[in-house]
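Raw target-v7.cif, mmCIF, C-alpha atoms:
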```cif
data_work
loop_
_atom_site.group_PDB
_atom_site.id
_atom_site.type_symbol
_atom_site.label_atom_id
_atom_site.label_comp_id
_atom_site.auth_asym_id
_atom_site.auth_seq_id
_atom_site.Cartn_x
_atom_site.Cartn_y
_atom_site.Cartn_z
ATOM 1 C CA MET A 9 -1.311 54.870 79.053
ATOM 2 C CA ASN A 10 -1.892 58.002 81.151
ATOM 3 C CA SER A 11 -1.431 61.696 80.675
ATOM 4 C CA THR A 12 1.865 63.299 81.648
ATOM 5 C CA GLU A 13 0.298 64.627 84.829
ATOM 6 C CA GLN A 14 -1.009 61.214 85.845
ATOM 7 C CA GLU A 15 2.374 59.601 85.247
ATOM 8 C CA LEU A 16 4.117 62.197 87.374
ATOM 9 C CA GLU A 17 1.519 61.565 90.039
ATOM 10 C CA ILE A 18 2.239 57.803 89.930
ATOM 11 C CA ILE A 19 5.946 58.514 90.383
ATOM 12 C CA ALA A 20 5.295 60.842 93.337
ATOM 13 C CA GLN A 21 2.811 58.461 94.988
ATOM 14 C CA THR A 22 5.072 55.418 94.712
ATOM 15 C CA ARG A 23 8.025 57.422 96.005
ATOM 16 C CA ASN A 24 5.992 58.685 98.968
ATOM 17 C CA GLU A 25 4.755 55.224 99.765
ATOM 18 C CA VAL A 26 8.256 53.750 99.731
ATOM 19 C CA LEU A 27 9.901 56.562 101.660
ATOM 20 C CA GLY A 28 6.902 57.258 103.875
ATOM 21 C CA ARG A 29 7.074 53.849 105.549
ATOM 22 C CA LYS A 30 8.759 54.136 108.906
ATOM 23 C CA ASP A 31 12.485 53.681 108.589
ATOM 24 C CA HIS A 32 13.937 52.283 111.804
ATOM 25 C CA THR A 33 17.523 52.096 110.686
ATOM 26 C CA GLY A 34 19.751 50.530 113.287
ATOM 27 C CA VAL A 35 17.055 49.458 115.743
ATOM 28 C CA ASN A 36 18.791 46.153 116.406
ATOM 29 C CA LEU A 37 22.351 47.279 115.677
ATOM 30 C CA PHE A 38 22.703 48.986 119.047
ATOM 31 C CA LEU A 39 21.588 45.975 121.031
ATOM 32 C CA VAL A 40 23.551 43.512 118.879
ATOM 33 C CA TRP A 41 26.758 45.402 119.653
ATOM 34 C CA GLY A 42 25.785 46.739 123.083
ATOM 35 C CA TYR A 43 25.146 43.516 124.973
ATOM 36 C CA PRO A 44 28.234 41.549 123.783
ATOM 37 C CA THR A 45 30.436 44.615 124.433
ATOM 38 C CA ALA A 46 29.148 45.148 127.981
ATOM 39 C CA PHE A 47 29.242 41.414 128.708
ATOM 40 C CA PHE A 48 32.804 40.764 127.498
ATOM 41 C CA LEU A 49 34.157 43.922 129.137
ATOM 42 C CA LEU A 50 32.640 42.948 132.490
ATOM 43 C CA VAL A 51 33.952 39.377 132.132
ATOM 44 C CA GLU A 52 37.420 40.740 131.340
ATOM 45 C CA PHE A 53 37.196 43.122 134.316
ATOM 46 C CA ALA A 54 36.181 40.312 136.666
ATOM 47 C CA ALA A 55 38.859 37.971 135.281
ATOM 48 C CA LEU A 56 41.552 40.615 135.758
ATOM 49 C CA LEU A 57 40.451 41.270 139.343
ATOM 50 C CA LEU A 58 40.379 37.545 140.110
ATOM 51 C CA TRP A 59 43.463 36.217 138.322
ATOM 52 C CA ASN A 60 45.311 39.213 136.871
ATOM 53 C CA GLU A 61 46.876 37.032 134.132
ATOM 54 C CA ASN A 62 47.976 38.216 130.711
ATOM 55 C CA TRP A 63 45.353 36.152 128.846
ATOM 56 C CA CYS A 64 42.567 37.928 130.723
ATOM 57 C CA SER A 65 43.283 41.180 128.884
ATOM 58 C CA TRP A 66 42.515 39.447 125.544
ATOM 59 C CA LEU A 67 38.959 38.484 126.399
ATOM 60 C CA TRP A 68 37.648 41.550 124.505
ATOM 61 C CA VAL A 69 38.298 39.594 121.267
ATOM 62 C CA GLY A 70 34.930 37.955 121.943
ATOM 63 C CA ILE A 71 33.117 41.242 121.144
ATOM 64 C CA PRO A 72 33.694 41.274 117.358
ATOM 65 C CA LEU A 73 33.594 37.479 117.204
ATOM 66 C CA VAL A 74 30.046 37.514 118.573
ATOM 67 C CA GLY A 75 28.857 40.952 117.380
ATOM 68 C CA ALA A 76 29.734 40.789 113.655
ATOM 69 C CA PRO A 77 28.084 37.401 112.793
ATOM 70 C CA LEU A 78 25.095 38.272 114.990
ATOM 71 C CA MET A 79 24.642 41.592 113.191
ATOM 72 C CA ILE A 80 24.811 39.981 109.734
ATOM 73 C CA HIS A 81 22.326 37.299 110.837
ATOM 74 C CA ILE A 82 19.866 39.817 112.301
ATOM 75 C CA LYS A 83 20.027 42.077 109.232
ATOM 76 C CA ARG A 84 19.306 39.055 107.023
ATOM 77 C CA LYS A 85 16.310 38.161 109.198
ATOM 78 C CA ASP A 86 15.114 41.792 109.097
ATOM 79 C CA PHE A 87 15.253 41.746 105.302
ATOM 80 C CA GLU A 88 13.271 38.515 105.153
ATOM 81 C CA ARG A 89 10.649 40.043 107.461
ATOM 82 C CA THR A 90 10.248 43.458 105.798
ATOM 83 C CA GLY A 91 11.103 42.448 102.224
ATOM 84 C CA ARG A 92 13.119 45.569 101.578
ATOM 85 C CA ARG A 93 16.413 47.154 102.462
ATOM 86 C CA THR A 94 16.672 50.912 102.445
ATOM 87 C CA ILE A 95 19.812 52.780 101.477
ATOM 88 C CA ASN A 96 20.035 54.115 105.067
ATOM 89 C CA GLU A 97 19.941 50.602 106.495
ATOM 90 C CA SER A 98 22.790 49.447 104.279
ATOM 91 C CA LEU A 99 24.735 52.538 105.264
ATOM 92 C CA ALA A 100 24.227 51.873 108.983
ATOM 93 C CA VAL A 101 25.238 48.200 108.659
ATOM 94 C CA GLU A 102 28.405 49.130 106.783
ATOM 95 C CA LEU A 103 29.179 51.841 109.331
ATOM 96 C CA TRP A 104 28.891 49.384 112.238
ATOM 97 C CA LEU A 105 30.912 46.737 110.439
ATOM 98 C CA PHE A 106 33.607 49.351 109.914
ATOM 99 C CA ILE A 107 33.480 50.444 113.586
ATOM 100 C CA GLY A 108 33.667 46.814 114.722
ATOM 101 C CA PHE A 109 36.653 46.236 112.454
ATOM 102 C CA ALA A 110 38.335 49.465 113.631
ATOM 103 C CA CYS A 111 37.822 48.497 117.307
ATOM 104 C CA PHE A 112 39.237 45.030 116.596
ATOM 105 C CA LEU A 113 42.310 46.416 114.801
ATOM 106 C CA SER A 114 42.937 49.088 117.438
ATOM 107 C CA GLY A 115 42.671 46.399 120.139
ATOM 108 C CA LEU A 116 45.219 44.220 118.364
ATOM 109 C CA GLY A 117 47.487 47.191 117.677
ATOM 110 C CA THR A 118 47.436 48.571 121.215
ATOM 111 C CA GLY A 119 47.708 45.043 122.649
ATOM 112 C CA PHE A 120 50.848 44.171 120.718
ATOM 113 C CA ALA A 121 52.362 47.628 121.217
ATOM 114 C CA GLY A 122 51.813 47.395 124.985
ATOM 115 C CA LEU A 123 49.463 50.386 124.984
ATOM 116 C CA PHE A 124 46.267 48.486 125.669
ATOM 117 C CA GLU A 125 46.151 49.475 129.330
ATOM 118 C CA GLN A 126 46.692 53.133 128.509
ATOM 119 C CA CYS A 127 44.287 53.989 125.749
ATOM 120 C CA TYR A 128 42.274 51.108 124.259
ATOM 121 C CA CYS A 129 39.104 51.786 126.242
ATOM 122 C CA THR A 130 39.117 55.456 125.260
ATOM 123 C CA ILE A 131 39.610 54.638 121.570
ATOM 124 C CA GLN A 132 36.793 52.101 121.679
ATOM 125 C CA GLY A 133 34.488 54.464 123.568
ATOM 126 C CA VAL A 134 35.059 57.286 121.080
ATOM 127 C CA LEU A 135 34.524 54.991 118.071
ATOM 128 C CA VAL A 136 31.315 53.481 119.462
ATOM 129 C CA GLY A 137 29.961 56.896 120.502
ATOM 130 C CA PHE A 138 30.774 58.241 117.041
ATOM 131 C CA GLY A 139 28.960 55.328 115.408
ATOM 132 C CA CYS A 140 25.976 55.865 117.678
ATOM 133 C CA PHE A 141 25.867 59.577 116.838
ATOM 134 C CA LEU A 142 26.070 58.927 113.080
ATOM 135 C CA THR A 143 23.383 56.234 113.195
ATOM 136 C CA GLY A 144 21.182 58.658 115.130
ATOM 137 C CA SER A 145 21.773 61.245 112.393
ATOM 138 C CA ILE A 146 20.951 58.760 109.625
ATOM 139 C CA SER A 147 17.745 57.620 111.307
ATOM 140 C CA ARG A 148 16.868 61.117 112.561
ATOM 141 C CA PHE A 149 16.368 60.003 116.157
ATOM 142 C CA ARG A 150 17.736 62.620 118.516
ATOM 143 C CA PRO A 151 18.009 60.603 121.790
ATOM 144 C CA VAL A 152 20.405 58.203 120.035
ATOM 145 C CA LYS A 153 22.571 61.103 118.903
ATOM 146 C CA VAL A 154 22.647 62.581 122.424
ATOM 147 C CA CYS A 155 23.503 59.217 124.044
ATOM 148 C CA GLY A 156 26.275 58.651 121.489
ATOM 149 C CA LEU A 157 27.732 62.053 122.197
ATOM 150 C CA ILE A 158 27.578 61.570 125.994
ATOM 151 C CA GLY A 159 29.151 58.098 125.756
ATOM 152 C CA SER A 160 31.901 59.425 123.521
ATOM 153 C CA VAL A 161 32.769 62.322 125.847
ATOM 154 C CA LEU A 162 32.585 60.186 129.008
ATOM 155 C CA SER A 163 34.976 57.593 127.569
ATOM 156 C CA PHE A 164 37.810 60.107 127.993
ATOM 157 C CA SER A 165 37.491 59.641 131.764
ATOM 158 C CA CYS A 166 39.137 56.219 131.268
ATOM 159 C CA LEU A 167 42.427 58.047 130.824
ATOM 160 C CA PHE A 168 42.367 58.829 134.562
ATOM 161 C CA PHE A 169 42.521 55.138 135.513
ATOM 162 C CA GLN A 170 46.136 54.203 134.920
ATOM 163 C CA GLY A 171 48.629 51.824 136.519
ATOM 164 C CA ASP A 172 47.079 49.311 138.939
ATOM 165 C CA LEU A 173 43.677 50.881 138.490
ATOM 166 C CA TRP A 174 43.508 50.145 134.758
ATOM 167 C CA PRO A 175 40.993 47.249 134.974
ATOM 168 C CA TRP A 176 38.488 49.855 136.130
ATOM 169 C CA GLN A 177 38.725 51.326 132.629
ATOM 170 C CA LEU A 178 36.925 48.190 131.458
ATOM 171 C CA PHE A 179 34.213 48.636 134.056
ATOM 172 C CA MET A 180 33.767 52.298 133.097
ATOM 173 C CA THR A 181 33.634 51.401 129.384
ATOM 174 C CA ALA A 182 30.959 48.799 130.122
ATOM 175 C CA ILE A 183 28.910 51.544 131.795
ATOM 176 C CA PHE A 184 29.463 53.888 128.822
ATOM 177 C CA THR A 185 28.359 51.063 126.547
ATOM 178 C CA VAL A 186 25.099 50.926 128.465
ATOM 179 C CA VAL A 187 24.735 54.715 128.002
ATOM 180 C CA ALA A 188 25.805 54.837 124.342
ATOM 181 C CA LEU A 189 24.344 51.574 123.008
ATOM 182 C CA ILE A 190 21.966 49.673 125.271
ATOM 183 C CA ILE A 191 19.776 52.555 126.522
ATOM 184 C CA PRO A 192 19.404 54.180 123.042
ATOM 185 C CA GLY A 193 18.861 50.707 121.571
ATOM 186 C CA HIS A 194 15.905 50.070 123.873
ATOM 187 C CA LEU A 195 14.604 53.624 123.419
ATOM 188 C CA PHE A 196 14.777 53.197 119.650
ATOM 189 C CA ARG A 197 13.078 49.812 119.846
ATOM 190 C CA TYR A 198 10.269 51.253 121.954
ATOM 191 C CA TYR A 199 9.863 54.153 119.524
ATOM 192 C CA ALA A 200 9.874 51.797 116.522
ATOM 193 C CA LYS A 201 7.255 49.531 118.105
ATOM 194 C CA HIS A 202 4.904 52.359 119.013
ATOM 195 C CA SER A 203 5.149 54.297 115.777
ATOM 196 C CA GLN A 204 4.233 51.576 113.289
ATOM 197 C CA PRO A 205 2.118 52.962 110.458
ATOM 198 C CA MET B 9 8.143 79.379 69.883
ATOM 199 C CA ASP B 10 10.421 76.345 69.600
ATOM 200 C CA PHE B 11 9.201 73.176 71.266
ATOM 201 C CA LYS B 12 10.964 69.845 71.062
ATOM 202 C CA PHE B 13 9.135 66.727 72.263
ATOM 203 C CA PRO B 14 11.272 64.601 74.568
ATOM 204 C CA VAL B 15 11.705 60.957 73.613
ATOM 205 C CA ILE B 16 9.552 58.846 75.920
ATOM 206 C CA ASN B 17 10.972 55.429 76.814
ATOM 207 C CA PRO B 18 8.255 52.910 75.828
ATOM 208 C CA LEU B 19 9.508 50.409 78.405
ATOM 209 C CA LEU B 20 8.736 52.760 81.259
ATOM 210 C CA HIS B 21 5.509 53.974 79.679
ATOM 211 C CA ASN B 22 3.572 51.355 81.614
ATOM 212 C CA GLU B 23 2.085 51.969 85.044
ATOM 213 C CA LEU B 24 3.272 48.774 86.731
ATOM 214 C CA ARG B 25 6.793 48.872 85.282
ATOM 215 C CA LEU B 26 7.068 52.530 86.266
ATOM 216 C CA LYS B 27 5.970 51.755 89.844
ATOM 217 C CA ILE B 28 8.513 48.924 90.116
ATOM 218 C CA MET B 29 11.301 51.155 88.863
ATOM 219 C CA VAL B 30 10.425 54.068 91.180
ATOM 220 C CA ALA B 31 10.188 51.749 94.207
ATOM 221 C CA LEU B 32 13.533 50.120 93.457
ATOM 222 C CA ASP B 33 15.161 53.463 92.735
ATOM 223 C CA ASN B 34 14.417 54.559 96.306
ATOM 224 C CA LEU B 35 15.568 51.349 97.946
ATOM 225 C CA GLU B 36 18.763 49.363 98.066
ATOM 226 C CA SER B 37 16.846 46.173 97.268
ATOM 227 C CA ALA B 38 13.359 44.751 97.621
ATOM 228 C CA ASP B 39 11.862 41.294 97.392
ATOM 229 C CA PHE B 40 8.985 40.031 95.255
ATOM 230 C CA VAL B 41 6.396 40.099 98.065
ATOM 231 C CA TYR B 42 7.194 43.704 98.969
ATOM 232 C CA LEU B 43 6.973 44.774 95.307
ATOM 233 C CA CYS B 44 3.618 42.991 95.062
ATOM 234 C CA GLN B 45 2.321 45.051 98.005
ATOM 235 C CA ILE B 46 3.740 48.389 96.913
ATOM 236 C CA THR B 47 2.544 48.090 93.301
ATOM 237 C CA ASP B 48 -0.793 46.511 94.260
ATOM 238 C CA SER B 49 -0.503 43.971 91.446
ATOM 239 C CA THR B 50 -0.972 40.240 90.938
ATOM 240 C CA LYS B 51 2.004 37.887 91.180
ATOM 241 C CA GLY B 52 1.709 36.783 87.556
ATOM 242 C CA ASN B 53 1.612 40.295 86.160
ATOM 243 C CA LEU B 54 4.455 41.427 88.398
ATOM 244 C CA SER B 55 6.561 38.461 87.369
ATOM 245 C CA VAL B 56 6.098 39.277 83.651
ATOM 246 C CA GLN B 57 7.002 42.961 84.143
ATOM 247 C CA ILE B 58 10.041 42.094 86.259
ATOM 248 C CA THR B 59 11.278 39.790 83.494
ATOM 249 C CA THR B 60 10.779 42.570 80.911
ATOM 250 C CA LEU B 61 12.765 45.037 83.028
ATOM 251 C CA LYS B 62 15.450 42.444 83.696
ATOM 252 C CA ASP B 63 15.798 41.677 79.977
ATOM 253 C CA ALA B 64 16.200 45.400 79.288
ATOM 254 C CA GLY B 65 19.018 45.515 81.854
ATOM 255 C CA TYR B 66 17.147 47.957 84.096
ATOM 256 C CA ILE B 67 17.014 45.712 87.143
ATOM 257 C CA GLU B 68 18.911 42.706 88.390
ATOM 258 C CA VAL B 69 17.109 39.749 89.897
ATOM 259 C CA ILE B 70 18.758 37.544 92.487
ATOM 260 C CA LYS B 71 17.068 34.262 93.381
ATOM 261 C CA THR B 72 18.056 32.477 96.561
ATOM 262 C CA GLY B 73 16.767 29.252 98.086
ATOM 263 C CA LEU B 74 15.131 26.315 96.404
ATOM 264 C CA GLY B 75 11.605 25.297 95.387
ATOM 265 C CA ARG B 76 8.784 26.766 97.428
ATOM 266 C CA LEU B 77 11.178 28.543 99.754
ATOM 267 C CA SER B 78 12.823 30.542 96.965
ATOM 268 C CA HIS B 79 13.340 34.224 97.627
ATOM 269 C CA THR B 80 13.470 36.708 94.743
ATOM 270 C CA VAL B 81 15.292 39.954 95.369
ATOM 271 C CA CYS B 82 15.344 42.829 92.857
ATOM 272 C CA ARG B 83 17.764 45.697 92.605
ATOM 273 C CA ILE B 84 17.919 48.597 90.161
ATOM 274 C CA THR B 85 20.977 48.832 87.899
ATOM 275 C CA ARG B 86 22.867 51.994 86.940
ATOM 276 C CA GLN B 87 21.343 51.756 83.466
ATOM 277 C CA GLY B 88 17.881 51.500 85.013
ATOM 278 C CA HIS B 89 18.481 54.484 87.261
ATOM 279 C CA GLU B 90 19.641 56.583 84.313
ATOM 280 C CA ALA B 91 16.651 55.498 82.199
ATOM 281 C CA LEU B 92 14.227 56.419 84.981
ATOM 282 C CA THR B 93 15.891 59.803 85.533
ATOM 283 C CA THR B 94 15.739 60.595 81.800
ATOM 284 C CA TYR B 95 12.116 59.456 81.654
ATOM 285 C CA GLU B 96 11.111 61.606 84.626
ATOM 286 C CA GLU B 97 12.971 64.627 83.249
ATOM 287 C CA GLY B 98 11.206 64.136 79.912
ATOM 288 C CA LEU B 99 7.827 64.025 81.620
ATOM 289 C CA ARG B 100 8.621 67.126 83.630
ATOM 290 C CA SER B 101 9.739 69.090 80.599
ATOM 291 C CA LEU B 102 6.551 68.031 78.815
ATOM 292 C CA PHE B 103 4.489 69.111 81.785
ATOM 293 C CA ASN B 104 6.280 72.414 82.378
ATOM 294 C CA GLN B 105 6.647 73.619 78.815
ATOM 295 C CA GLN B 106 3.703 75.199 77.144
ATOM 296 C CA ILE B 107 2.875 73.234 74.029
ATOM 297 C CA PRO B 108 2.068 75.668 71.183
ATOM 298 C CA THR B 109 -1.325 75.550 69.589
ATOM 299 C CA GLN B 110 -1.542 74.943 65.845
ATOM 300 C CA LYS B 111 -2.298 78.622 65.237
ATOM 301 C CA GLU B 112 0.729 79.761 67.252
ATOM 302 C CA ALA B 113 2.953 77.283 65.420
ATOM 303 C CA GLU B 114 1.755 78.603 62.034
ATOM 304 C CA ASN B 115 2.333 82.196 63.160
ATOM 305 C CA ASN B 116 5.848 81.295 64.290
ATOM 306 C CA LYS B 117 6.533 79.687 60.912
ATOM 307 C CA GLN B 118 5.403 82.854 59.060
ATOM 308 C CA ILE B 119 7.586 85.066 61.294
ATOM 309 C CA GLY B 120 10.522 82.720 60.774
#
```

structure tokens encoding of this file:
Amino acid sequence: MNSTEQELEIIAQTRNEVLGRKDHTGVNLFLVWGYPTAFFLLVEFAALLLWNENWCSWLWVGIPLVGAPLMIHIKRKDFERTGRRTINESLAVELWLFIGFACFLSGLGTGFAGLFEQCYCTIQGVLVGFGCFLTGSISRFRPVKVCGLIGSVLSFSCLFFQGDLWPWQLFMTAIFTVVALIIPGHLFRYYAKHSQP
Amino acid sequence: MDFKFPVINPLLHNELRLKIMVALDNLESADFVYLCQITDSTKGNLSVQITTLKDAGYIEVIKTGLGRLSHTVCRITRQGHEALTTYEEGLRSLFNQQIPTQKEAENNKQIG
């Protein structure tokens, strides 16, 4: 068909076209996990302040129950819209599924071991911040990385709310969720919208 | 001077098939409409080339949905990735190596 040079040019052009299209890995992942997390943590906080019953401290289970199916649904819709799935996108989805699963398991573990009030919020904060930082690295969007790092570091402050004050850990974690997931999610969305090729 | 011509895969020695393979090699998966856009080809032609690549085991085709709402998703296989890498390496070695002229080749033979 073509000369060697032309064929190499076709390869380079196609590669550039595929990779050159804006890759907004994880644009929706932050919001899909951010809003259910903040919502359920605030509901749990309010329920504990109002009733202070044992069942109230299990309301966090709603986070993975809502977040995981919502994430899978949104990624499927994204694929139908764009017609492609990049390797980075798959990586980010798997990373967030893993973080969701790890948060769920750590919640169950600490809940049954009676350690939920001591350290669950810190574990969750660190995991979410870590996920945020890694997704920021994958998508090369620095504000997301910074927010993830800040959220992760701030979540250690939950360790200071022990004893009767422990429900405030949930309130603090909801705030860190806003810092680590919701704000970067909206920033990323804004950036993605205004940088379309 | 010793020059050995690399074996060029005839299946990939076609512009459209090469474009499909390169696009899929850089993505996890892509659907038919996206491939149509990226390769700038007609649906009929693309469909034929996709079938050829599928039959060779270079890509896998997953069809979901029914009738007019069917969705075709393509993904490169390990065999396809290896074939494309070998093909590209072959092209590069052809491009980089200096092919001897007839005179040089005769001279080399006499020296040998």

Q. Could you write out as a PyMOL selection string the residues of chain B within 8 Å of chain A, counting all atoms listed in the file?
A. chain B and resi 21-23+26-27+30-31+34-42+46-47+96+99-100+102-103

Convert the output of the PyMOL selection byres ((chain A and resi 57) around 12) on the shown file into explicit residues, formatted as an mmCIF file with C-alpha atoms, in the frame of the given file.
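What landed in selection.cif:
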```cif
data_model
loop_
_atom_site.group_PDB
_atom_site.id
_atom_site.type_symbol
_atom_site.label_atom_id
_atom_site.label_comp_id
_atom_site.auth_asym_id
_atom_site.auth_seq_id
_atom_site.Cartn_x
_atom_site.Cartn_y
_atom_site.Cartn_z
ATOM 1 C CA LEU A 50 32.640 42.948 132.490
ATOM 2 C CA VAL A 51 33.952 39.377 132.132
ATOM 3 C CA GLU A 52 37.420 40.740 131.340
ATOM 4 C CA PHE A 53 37.196 43.122 134.316
ATOM 5 C CA ALA A 54 36.181 40.312 136.666
ATOM 6 C CA ALA A 55 38.859 37.971 135.281
ATOM 7 C CA LEU A 56 41.552 40.615 135.758
ATOM 8 C CA LEU A 58 40.379 37.545 140.110
ATOM 9 C CA TRP A 59 43.463 36.217 138.322
ATOM 10 C CA ASN A 60 45.311 39.213 136.871
ATOM 11 C CA GLU A 61 46.876 37.032 134.132
ATOM 12 C CA ASN A 62 47.976 38.216 130.711
ATOM 13 C CA CYS A 64 42.567 37.928 130.723
ATOM 14 C CA SER A 65 43.283 41.180 128.884
ATOM 15 C CA ASP A 172 47.079 49.311 138.939
ATOM 16 C CA LEU A 173 43.677 50.881 138.490
ATOM 17 C CA TRP A 174 43.508 50.145 134.758
ATOM 18 C CA PRO A 175 40.993 47.249 134.974
ATOM 19 C CA TRP A 176 38.488 49.855 136.130
ATOM 20 C CA LEU A 178 36.925 48.190 131.458
ATOM 21 C CA PHE A 179 34.213 48.636 134.056
#
```

Q: Please evaluate the PyMOL selection byres ((chain A and resi 79-82) around 9) against the displayed coordinates and give the resulting residues as a PyMOL selection string.
A: chain A and resi 36-37+40-41+74-78+83-87+101+104-105

Q | Residue members of the PyMOL selection byres ((chain B and resi 95) around 10) in the file shown, as a ChimeraX atom specification | A | /B:14-21,26,89-94,96-101

Create the file for the chosen residues now, containing C-alpha atoms and written as a CSV table (one decimal), in the coordinates of the input.
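Full text of result22.csv as output:
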```csv
chain,number,residue,atom,x,y,z
B,14,PRO,CA,11.3,64.6,74.6
B,15,VAL,CA,11.7,61.0,73.6
B,16,ILE,CA,9.6,58.8,75.9
B,17,ASN,CA,11.0,55.4,76.8
B,18,PRO,CA,8.3,52.9,75.8
B,19,LEU,CA,9.5,50.4,78.4
B,20,LEU,CA,8.7,52.8,81.3
B,21,HIS,CA,5.5,54.0,79.7
B,26,LEU,CA,7.1,52.5,86.3
B,89,HIS,CA,18.5,54.5,87.3
B,90,GLU,CA,19.6,56.6,84.3
B,91,ALA,CA,16.7,55.5,82.2
B,92,LEU,CA,14.2,56.4,85.0
B,93,THR,CA,15.9,59.8,85.5
B,94,THR,CA,15.7,60.6,81.8
B,96,GLU,CA,11.1,61.6,84.6
B,97,GLU,CA,13.0,64.6,83.2
B,98,GLY,CA,11.2,64.1,79.9
B,99,LEU,CA,7.8,64.0,81.6
B,100,ARG,CA,8.6,67.1,83.6
B,101,SER,CA,9.7,69.1,80.6
```

Q. Please, what distance in Å, to one decimal, runs between CA of Phe112 (chain A) and CA of Gln170 (chain A)?
A.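 Distance between the two atoms: 21.6 Å.
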
Q: Tell me which protein, DNA and RNA residues are within 6 Å of Phe141 (chain A), counting only C-alpha atoms, leaving out same-chain ones fewer than 3 positions away, and put them as a ChimeraX atom specification.
A: /A:138,144,153,156

Q: Report the distance between CA of Ile158 (chain A) and CA of Phe106 (chain A) in Å, rounded to one decimal place.
A: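 For CA of Ile158 (chain A) relative to CA of Phe106 (chain A), the distance reads 21.1 Å.
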
Q. Do you have the CA of Gly70 (chain A)-CA of Leu189 (chain A) distance handy?
A.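 We find that CA of Gly70 (chain A) and CA of Leu189 (chain A) lie 17.3 Å from each other.
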
Where is the centre and how long are the edges: axis-aligned box on region 28-43 of chain B, 5 Å on each side, Å to one decimal, as lines of an AutoDock Vina configuration file:
```
center_x = 12.6
center_y = 47.3
center_z = 93.9
size_x = 22.4
size_y = 24.5
size_z = 20.1
```

Q) Which neighbours of Ile71 (chain A) fall inside 7 Å, counting all atoms listed in the file, when residues of the same chain fewer than 2 positions from it are skipped, and could you give them as a ChimeraX atom specification? A) /A:44-45,48,68-69,73-75

Q: May I ask which of the residues B:Thr72, B:Ile67, B:Gln105, B:Leu24 is the closest one to Ser49 (chain B), counting all atoms listed in the file?
A: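 For Ser49 (chain B), the nearest of the candidates is B:Leu24.
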
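Residue nearest Tyr66 (chain B), chosen from B:Thr85, B:Gln45, B:Thr80, B:Asn104 and counting only C-alpha atoms: B:Thr85.
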